[in-house]
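A.B. asks: So that you have it, the file is coords.cif, and it contains mmCIF, C-alpha atoms:
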```
data_target
#
loop_
_atom_site.label_atom_id
_atom_site.label_comp_id
_atom_site.auth_asym_id
_atom_site.auth_seq_id
_atom_site.Cartn_x
_atom_site.Cartn_y
_atom_site.Cartn_z
CA MET A 1 53.12 -12.69 68.23
CA LEU A 2 49.89 -14.62 68.34
CA LEU A 3 48.04 -11.37 67.80
CA ILE A 4 50.09 -10.56 64.69
CA PHE A 5 49.66 -14.10 63.39
CA GLY A 6 45.94 -13.90 63.98
CA SER A 7 45.78 -10.61 62.12
CA PHE A 8 47.58 -12.15 59.14
CA ILE A 9 45.09 -15.03 59.14
CA ALA A 10 42.15 -12.63 59.28
CA LEU A 11 43.64 -10.51 56.51
CA GLY A 12 44.16 -13.66 54.43
CA LEU A 13 40.58 -14.68 54.96
CA VAL A 14 39.37 -11.22 53.92
CA ILE A 15 41.57 -11.25 50.81
CA SER A 16 40.40 -14.78 50.00
CA LEU A 17 36.81 -13.70 50.43
CA LEU A 18 37.37 -10.65 48.24
CA ILE A 19 39.02 -12.73 45.54
CA SER A 20 36.17 -15.23 45.72
CA ARG A 21 33.61 -12.48 45.41
CA GLN A 22 35.56 -10.87 42.58
CA THR A 23 35.65 -14.22 40.81
CA GLN A 24 31.92 -14.60 41.38
CA MET A 25 31.30 -11.08 40.08
CA GLN A 26 33.40 -11.74 36.99
CA ALA A 27 31.48 -14.98 36.42
CA LEU A 28 28.19 -13.09 36.83
CA ILE A 29 29.36 -10.42 34.38
CA VAL A 30 30.38 -13.08 31.86
CA GLN A 31 27.03 -14.85 32.32
CA ALA A 32 25.11 -11.57 32.05
CA LYS A 33 26.95 -10.74 28.84
CA LYS A 34 26.21 -14.21 27.51
CA ASP A 35 22.53 -13.87 28.46
CA TRP A 36 22.37 -10.43 26.81
CA GLU A 37 23.96 -11.77 23.61
CA GLU A 38 21.53 -14.69 23.52
CA THR A 39 18.55 -12.40 24.17
CA PHE A 40 19.82 -9.93 21.55
CA ASP A 41 19.97 -12.72 18.98
CA ILE A 42 16.58 -14.32 19.71
CA ILE A 43 14.66 -11.04 19.21
CA ASN A 44 12.62 -11.37 16.02
CA ASP A 45 13.04 -7.72 15.02
CA ALA A 46 16.25 -6.79 13.24
CA ILE A 47 18.42 -4.63 15.50
CA THR A 48 21.52 -2.77 14.41
CA ILE A 49 23.54 -0.35 16.54
CA HIS A 50 25.23 2.57 14.75
CA ASP A 51 27.65 5.30 15.68
CA LYS A 52 26.85 8.91 14.81
CA ASP A 53 28.57 8.51 11.44
CA PHE A 54 26.05 5.79 10.46
CA ASN A 55 28.59 2.96 10.82
CA ILE A 56 27.12 -0.34 12.03
CA ILE A 57 28.91 -1.49 15.19
CA ARG A 58 26.55 -4.29 16.26
CA ALA A 59 23.85 -6.41 14.64
CA ASN A 60 21.68 -9.23 15.92
CA LYS A 61 20.93 -12.47 14.09
CA ALA A 62 17.62 -11.18 12.68
CA ALA A 63 19.45 -8.20 11.17
CA THR A 64 22.08 -10.34 9.47
CA GLU A 65 19.32 -12.56 8.04
CA MET A 66 17.26 -9.57 6.82
CA LEU A 67 20.29 -7.90 5.25
CA GLY A 68 21.68 -11.15 3.87
CA ALA A 69 25.16 -10.52 5.29
CA SER A 70 27.33 -11.81 8.12
CA PHE A 71 27.99 -9.69 11.20
CA GLN A 72 31.66 -9.37 10.24
CA SER A 73 30.79 -8.01 6.77
CA LEU A 74 28.36 -5.49 8.29
CA LEU A 75 30.86 -4.07 10.77
CA SER A 76 31.70 -0.42 10.02
CA LYS A 77 29.48 -0.55 6.94
CA LYS A 78 27.12 2.41 6.55
CA CYS A 79 23.59 1.54 7.66
CA TYR A 80 22.01 3.26 4.65
CA THR A 81 24.16 1.16 2.31
CA SER A 82 23.00 -2.03 4.01
CA TYR A 83 19.31 -1.15 4.30
CA HIS A 84 18.73 1.13 1.30
CA GLY A 85 21.54 0.23 -1.08
CA THR A 86 22.44 3.93 -1.40
CA ASP A 87 25.59 5.96 -0.82
CA HIS A 88 23.78 8.53 1.32
CA PRO A 89 20.82 8.55 3.75
CA PRO A 90 17.36 8.83 2.12
CA GLU A 91 15.14 11.85 2.83
CA THR A 92 12.88 9.76 5.08
CA CYS A 93 15.82 8.48 7.19
CA PRO A 94 14.67 8.30 10.84
CA SER A 95 18.30 8.12 12.05
CA CYS A 96 18.98 11.58 10.61
CA ARG A 97 16.07 13.01 12.60
CA THR A 98 17.14 11.23 15.77
CA LEU A 99 20.79 12.28 15.46
CA ALA A 100 19.69 15.88 14.89
CA THR A 101 17.11 16.02 17.70
CA GLY A 102 18.03 13.29 20.15
CA VAL A 103 14.41 12.15 19.99
CA PRO A 104 13.23 8.68 18.86
CA SER A 105 11.65 8.60 15.40
CA VAL A 106 9.86 6.02 13.28
CA THR A 107 8.96 5.58 9.63
CA GLU A 108 7.29 3.01 7.41
CA THR A 109 8.67 2.53 3.92
CA PHE A 110 8.94 0.07 1.04
CA GLU A 111 12.60 -0.80 0.72
CA ALA A 112 13.28 -1.77 -2.89
CA ASN A 113 16.81 -2.87 -2.01
CA LEU A 114 15.36 -5.62 0.22
CA ASN A 115 11.98 -5.94 -1.53
CA LYS A 116 10.23 -5.52 1.82
CA HIS A 117 7.91 -3.10 3.56
CA LEU A 118 9.71 -2.04 6.74
CA GLU A 119 8.91 -0.22 9.96
CA ILE A 120 12.13 1.46 11.09
CA LYS A 121 12.50 2.89 14.61
CA ALA A 122 15.57 4.95 15.48
CA LEU A 123 16.40 5.26 19.18
CA PRO A 124 19.14 7.62 20.43
CA ARG A 125 22.24 6.41 22.31
CA PHE A 126 23.87 8.78 24.85
CA ASP A 127 27.14 8.79 26.79
CA GLY A 128 27.49 9.71 30.46
CA THR A 129 27.44 13.42 29.66
CA LYS A 130 24.20 13.16 27.66
CA GLN A 131 26.05 13.61 24.36
CA ILE A 132 24.60 11.54 21.53
CA LEU A 133 26.76 8.58 20.55
CA GLY A 134 24.64 7.17 17.76
CA VAL A 135 21.39 5.30 17.26
CA VAL A 136 19.81 1.90 17.63
CA HIS A 137 17.71 0.73 14.68
CA VAL A 138 14.80 -1.58 15.47
CA VAL A 139 13.51 -2.80 12.12
CA ARG A 140 10.39 -4.89 11.59
CA ASP A 141 9.31 -6.56 8.34
CA ILE A 142 5.67 -5.45 7.88
CA SER A 143 5.27 -6.79 4.33
CA LYS A 144 2.56 -9.30 5.25
CA ARG A 145 0.59 -6.65 7.14
CA VAL A 146 0.80 -4.20 4.23
CA GLU A 147 -0.24 -6.91 1.76
CA ALA A 148 -3.22 -7.81 3.95
CA GLU A 149 -4.23 -4.15 4.23
CA GLU A 150 -3.96 -3.70 0.47
CA GLU A 151 -6.06 -6.81 -0.09
CA LEU A 152 -8.74 -5.59 2.32
CA ARG A 153 -8.66 -2.16 0.71
CA SER A 154 -9.02 -3.74 -2.70
CA LEU A 155 -11.94 -5.90 -1.54
CA SER A 156 -13.72 -2.86 -0.12
CA LEU A 157 -13.36 -0.91 -3.39
CA THR A 158 -14.02 -3.58 -6.04
CA ASP A 159 -16.99 -5.54 -7.30
CA ASP A 160 -16.65 -9.30 -6.72
CA LEU A 161 -18.38 -10.35 -9.94
CA THR A 162 -16.74 -8.11 -12.53
CA GLY A 163 -13.50 -7.04 -10.82
CA LEU A 164 -14.39 -3.42 -11.63
CA TYR A 165 -14.53 -0.78 -8.93
CA ASN A 166 -17.74 -0.71 -6.89
CA ARG A 167 -19.69 2.45 -5.98
CA ARG A 168 -17.38 3.22 -3.05
CA GLY A 169 -14.33 2.71 -5.23
CA PHE A 170 -15.75 4.93 -7.96
CA MET A 171 -16.67 7.79 -5.64
CA THR A 172 -13.31 7.63 -3.86
CA LEU A 173 -11.16 7.53 -6.98
CA ALA A 174 -13.35 9.87 -9.04
CA GLY A 175 -12.97 12.56 -6.38
CA GLN A 176 -9.21 12.17 -6.46
CA GLN A 177 -9.18 12.21 -10.27
CA GLN A 178 -11.26 15.39 -10.35
CA LYS A 179 -8.71 17.19 -8.14
CA LEU A 180 -5.90 15.97 -10.37
CA ALA A 181 -7.76 17.13 -13.51
CA LEU A 182 -8.23 20.59 -11.99
CA ARG A 183 -4.50 20.88 -11.26
CA MET A 184 -3.63 19.71 -14.77
CA LYS A 185 -6.29 21.96 -16.36
CA LYS A 186 -7.97 19.01 -18.06
CA GLY A 187 -11.62 18.19 -18.55
CA PHE A 188 -13.19 14.77 -18.08
CA TYR A 189 -16.33 12.81 -18.94
CA ILE A 190 -18.71 11.03 -16.59
CA LEU A 191 -20.56 8.18 -18.29
CA PHE A 192 -23.53 6.35 -16.77
CA ALA A 193 -24.43 3.05 -18.48
CA ASP A 194 -27.29 0.64 -17.90
CA LEU A 195 -27.31 -2.95 -19.20
CA ASP A 196 -30.58 -3.28 -21.12
CA GLY A 197 -32.82 -6.28 -20.47
CA LEU A 198 -30.94 -7.83 -17.53
CA LYS A 199 -34.22 -8.74 -15.79
CA ASP A 200 -35.42 -10.58 -18.90
CA ILE A 201 -32.13 -12.52 -19.09
CA ASN A 202 -32.40 -13.47 -15.41
CA ASP A 203 -36.07 -14.48 -15.72
CA SER A 204 -35.75 -16.52 -18.92
CA MET A 205 -32.25 -17.99 -18.63
CA GLY A 206 -31.38 -17.86 -14.93
CA HIS A 207 -29.23 -15.66 -12.75
CA SER A 208 -26.02 -17.42 -13.76
CA GLU A 209 -26.58 -16.20 -17.31
CA GLY A 210 -27.39 -12.75 -15.93
CA CYS A 211 -24.02 -12.79 -14.15
CA HIS A 212 -22.38 -13.77 -17.43
CA ALA A 213 -24.05 -10.78 -19.13
CA LEU A 214 -22.76 -8.43 -16.43
CA PHE A 215 -19.26 -9.82 -16.77
CA GLY A 216 -19.52 -9.46 -20.55
CA THR A 217 -20.42 -5.81 -20.05
CA SER A 218 -17.28 -5.32 -17.96
CA VAL A 219 -15.25 -6.82 -20.81
CA ILE A 220 -16.76 -4.32 -23.27
CA LEU A 221 -16.03 -1.38 -20.97
CA ARG A 222 -12.44 -2.46 -20.40
CA GLU A 223 -11.91 -2.73 -24.15
CA CYS A 224 -13.48 0.67 -24.76
CA PHE A 225 -11.73 2.72 -22.09
CA ARG A 226 -8.13 3.20 -21.00
CA GLU A 227 -6.57 1.55 -17.95
CA SER A 228 -6.19 5.02 -16.44
CA ASP A 229 -9.98 5.59 -16.65
CA ILE A 230 -12.11 4.71 -13.62
CA ILE A 231 -14.52 1.94 -14.63
CA SER A 232 -17.05 0.70 -12.09
CA ARG A 233 -20.20 -1.28 -11.49
CA ILE A 234 -22.17 0.89 -9.08
CA GLY A 235 -25.41 -1.12 -8.93
CA GLY A 236 -27.12 -4.26 -10.16
CA ASP A 237 -27.11 -3.38 -13.87
CA GLU A 238 -25.57 0.09 -13.60
CA PHE A 239 -22.05 1.12 -14.54
CA ALA A 240 -20.18 4.42 -14.20
CA ILE A 241 -16.98 5.58 -15.87
CA LEU A 242 -14.79 8.63 -15.42
CA SER A 243 -12.60 9.26 -18.48
CA VAL A 244 -10.10 12.12 -18.55
CA GLU A 245 -10.20 14.20 -21.71
CA ASN A 246 -7.46 13.33 -24.18
CA ASN A 247 -6.73 15.42 -27.25
CA GLY A 248 -7.56 13.61 -30.47
CA GLU A 249 -10.10 11.18 -28.95
CA GLY A 250 -13.15 13.31 -29.72
CA GLY A 251 -16.02 14.25 -27.44
CA ALA A 252 -19.12 12.54 -26.06
CA GLU A 253 -20.34 11.46 -29.51
CA ALA A 254 -16.99 9.80 -30.26
CA ILE A 255 -17.09 7.98 -26.91
CA SER A 256 -20.65 6.80 -27.57
CA ALA A 257 -19.72 5.58 -31.07
CA ARG A 258 -16.63 3.77 -29.78
CA LEU A 259 -18.65 2.06 -27.05
CA GLN A 260 -21.28 0.93 -29.56
CA LYS A 261 -18.54 -0.45 -31.82
CA LYS A 262 -17.01 -2.44 -28.96
CA THR A 263 -20.47 -3.74 -27.99
CA ASP A 264 -21.15 -4.89 -31.58
CA GLU A 265 -17.76 -6.60 -31.76
CA TYR A 266 -18.43 -8.42 -28.49
CA ASN A 267 -21.86 -9.59 -29.69
CA GLU A 268 -20.39 -10.85 -32.97
CA ARG A 269 -17.91 -13.13 -31.23
CA SER A 270 -20.28 -14.16 -28.42
CA SER A 271 -22.11 -17.48 -28.49
CA CYS A 272 -24.88 -16.26 -26.17
CA ARG A 273 -28.56 -16.45 -27.22
CA TYR A 274 -28.95 -12.74 -26.52
CA ARG A 275 -27.16 -9.59 -27.59
CA LEU A 276 -25.81 -7.13 -25.06
CA SER A 277 -27.10 -3.58 -25.30
CA LEU A 278 -26.21 -0.50 -23.22
CA SER A 279 -28.14 2.69 -22.64
CA ILE A 280 -25.78 5.54 -21.77
CA GLY A 281 -25.66 9.14 -20.64
CA ILE A 282 -22.50 11.25 -20.87
CA VAL A 283 -21.69 14.52 -19.09
CA TYR A 284 -18.64 16.65 -19.80
CA CYS A 285 -16.86 18.47 -16.97
CA GLY A 286 -14.53 21.24 -18.22
CA PRO A 287 -11.02 22.05 -16.92
CA ASP A 288 -12.41 24.52 -14.36
CA CYS A 289 -15.46 22.46 -13.39
CA ARG A 290 -15.85 21.98 -9.63
CA ARG A 291 -19.29 20.36 -9.60
CA PRO A 292 -19.59 17.45 -7.15
CA ILE A 293 -19.18 14.00 -8.69
CA THR A 294 -22.61 13.05 -7.31
CA ASP A 295 -24.25 15.87 -9.33
CA LEU A 296 -22.43 14.88 -12.52
CA LEU A 297 -23.37 11.24 -12.00
CA HIS A 298 -27.02 12.15 -11.43
CA GLU A 299 -27.10 14.22 -14.61
CA ALA A 300 -25.54 11.40 -16.63
CA ASP A 301 -28.09 9.02 -15.09
CA GLN A 302 -30.96 11.25 -16.28
CA LEU A 303 -29.49 11.41 -19.79
CA MET A 304 -29.20 7.62 -19.79
CA TYR A 305 -32.90 7.25 -18.92
CA GLU A 306 -33.83 9.67 -21.69
CA GLN A 307 -31.98 7.45 -24.17
CA LYS A 308 -33.63 4.33 -22.74
CA ARG A 309 -37.13 5.87 -23.02
CA ALA A 310 -36.42 7.01 -26.58
CA ARG A 311 -35.34 3.50 -27.53
CA LYS A 312 -38.50 2.02 -26.02
CA LYS A 313 -40.69 4.46 -27.96
CA GLN A 314 -38.79 3.65 -31.11
CA HIS A 315 -39.27 -0.07 -30.47
CA VAL A 316 -43.02 0.38 -29.82
CA GLY A 317 -43.36 2.46 -32.99
CA LYS A 318 -41.96 -0.42 -35.03
#
```
Would you mind writing the structure in this file as structure tokens?

C.D. replies:
Amino acid sequence: MLLIFGSFIALGLVISLLISRQTQMQALIVQAKKDWEETFDIINDAITIHDKDFNIIRANKAATEMLGASFQSLLSKKCYTSYHGTDHPPETCPSCRTLATGVPSVTETFEANLNKHLEIKALPRFDGTKQILGVVHVVRDISKRVEAEEELRSLSLTDDLTGLYNRRGFMTLAGQQQKLALRMKKGFYILFADLDGLKDINDSMGHSEGCHALFGTSVILRECFRESDIISRIGGDEFAILSVENNGEGGAEAISARLQKKTDEYNERSSCRYRLSLSIGIVYCGPDCRRPITDLLHEADQLMYEQKRARKKQHVGK
């Protein structure tokens, strides 16, 4: 009898211990879930979990803030509707690639719906049999980084004084424009311009006035050429322009006359003690022309110096 009673006591102790441990395990599971939820919500990147039909089934706090919607309103909503504002996935959708391949994918895109530049990573979710269940989106707002990169790129391609492209900017964009002109079967003009008498302005009136003359030259060039033309200051007093041929605008002589007209108009309204004058050389590159930009620029430079020498002789003759 004592043996049976002792067995019951031992069994009770075991059951009590098991219940206690089960309670502890349940408490640990609850705490682990709470910790996971808190960690999920303090992550700065937006995270949304989707099923394989693109329905959102979970979203952290950063995601609800980025998408401007509560978690409840996002539930079962298509991810492409929330992120892209479309009724179907875009061509660049990383989730489509991941669902098709089971491999993580990433893309960077400007999302007009959110007015943000985003880095979107799609990570696959699998069940116990290695069948794909859906994806996890990890989305980072990279707008500030893109803006900084664009600013640095702009600074490396533009002239501080005039705001025109610098030599690097001209050579980079002119090469691209030449390829485009070839595809479109269009010719273009390379113009090399030199601001006459800049040294005299600097020596007699100071470098600040010389800077003003250079800026004035940039104003003339902007007024003379289209926004689509590549206008640059490639040296101290040297400027280069690439202008794509446009029917009805005339050739090199028409460009030269238009530039002279804009220069005269600028001088008429200017209060400076000097008049701006430009010596120019213009080279035409036909629709099938594949000459390097450097060769065209050199030829235009030589033509510019011929005009400058001719003007000097004419001045001496007077």

A.B. asks: When the PyMOL selection byres ((chain A and resi 244) around 6) is applied to the file above, which residues end up in the set, as a list in words?

C.D. replies: Phe188, Ser243 and Glu245 of chain A

A.B. asks: Pick out the closest residue to Leu303 of chain A from this set: A:Ser208, A:Thr39, A:Asp194, A:Asp288. Count only C-alpha atoms.

C.D. replies: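 Using only C-alpha atoms, the shortest distance to Leu303 of chain A belongs to A:Asp194.
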
A.B. asks: Which distance in Å separates atom CA of Glu150 of chain A and atom CA of Ala112 of chain A, to one decimal?

C.D. replies: 17.7 Å

A.B. asks: Just the residues within 8 Å of segment 250-260 of chain A, please, counting all atoms listed in the file, with nothing from its chain fewer than 4 positions along; format it as a list in words.

C.D. replies: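 In the requested format, the answer is Tyr189, Ile220, Leu221, Cys224, Asn246, Asp264, Ile280, Ile282, Val283 and Tyr284 of chain A.
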
A.B. asks: Tell me which residues the PyMOL selection byres ((chain A and resi 57) around 12) grabs here, as a list in words.

C.D. replies: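 Selected by the PyMOL selection byres ((chain A and resi 57) around 12) in this file: Ile47, Thr48, Ile49, His50, Asp51, Lys52, Asp53, Phe54, Asn55, Ile56, Arg58, Ala59, Asn60, Phe71, Gln72, Ser73, Leu74, Leu75, Ser76, Lys77, Lys78, Cys79, Leu133, Gly134, Val135, Val136 and His137 of chain A.
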
A.B. asks: Using only C-alpha atoms, which of the listed residues (A:Ser277, A:Thr162, A:Thr294, A:Gln177) sits closest to Arg233 of chain A?

C.D. replies: A:Thr162

A.B. asks: Would you compute the distance between atom CA of Val219 of chain A and atom CA of Gly197 of chain A? Give it in Å to one decimal.

C.D. replies: 17.6 Å

A.B. asks: Smallest atom-to-atom distance to Leu173 of chain A: which of A:Ile201, A:Val138, A:Ala240, A:Gly210, using only C-alpha atoms?

C.D. replies: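 Residue with the minimum atom-to-atom distance to Leu173 of chain A: A:Ala240.
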
A.B. asks: Using only C-alpha atoms, pick whichever of A:Phe225, A:Tyr165, A:Phe192, A:Phe215 has the shortest atom-to-atom distance to Leu278 of chain A.

C.D. replies: A:Phe192

A.B. asks: Quick one: residues within 10 Å of Thr92 of chain A, only C-alpha atoms, excluding same-chain residues fewer than 5 positions away - as an MDAnalysis selection string?

C.D. replies: chainID A and resid 97 106:109

A.B. asks: Could you check the closest approach to Glu209 of chain A for each of A:Arg273, A:Arg153, A:Met171, A:Arg222 and tell me which residue wins, using all atoms listed in the file?

C.D. replies: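 Among the listed residues, A:Arg273 lies closest to Glu209 of chain A.
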
A.B. asks: If you measure from atom CA of Val103 of chain A to atom CA of Asp127 of chain A, what distance in Å do you get, rounded to one decimal?

C.D. replies: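 Atom CA of Asp127 of chain A lies 14.8 Å from atom CA of Val103 of chain A.
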
A.B. asks: Taking (-16.3, 0.9, -11.9) in the file's coordinates as the center, which residues reach within 9 Å of it, counting all atoms listed in the file, put as a list in words?

C.D. replies: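 Every residue inside that radius is included here: Thr158, Asp159, Gly163, Leu164, Tyr165, Asn166, Arg167, Gly169, Phe170, Ser218, Ile230, Ile231, Ser232, Arg233, Ile234, Phe239, Ala240, Ile241 and Leu242 of chain A.
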
A.B. asks: In terms of the shortest atom-to-atom distance over all atoms listed in the file, which of A:Arg145, A:Ala122, A:Arg275, A:Leu157 is closest to Leu198 of chain A?

C.D. replies: A:Arg275

A.B. asks: Taking the point (13.4, 8.9, 21.3) as given in the file, collect each protein or nucleic acid residue that comes within 7 Å of it, counting all atoms listed in the file, and present the set as a list of chain:residue names.

C.D. replies: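 I get A:Gly102, A:Val103, A:Pro104, A:Ser105, A:Leu123, A:Pro124 for the residues within 7 Å of that point.
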
A.B. asks: Expanded to explicit residues, what is the PyMOL selection byres ((chain A and resi 272) around 12) for this file, as a PyMOL selection string?

C.D. replies: chain A and resi 201+205+209-210+212-213+216+266-271+273-276

A.B. asks: Just the residues within 9 Å of Ile43 of chain A, please, counting all atoms listed in the file, with nothing from its chain fewer than 5 positions along; format it as number ranges by chain.

C.D. replies: A: 38, 60-62
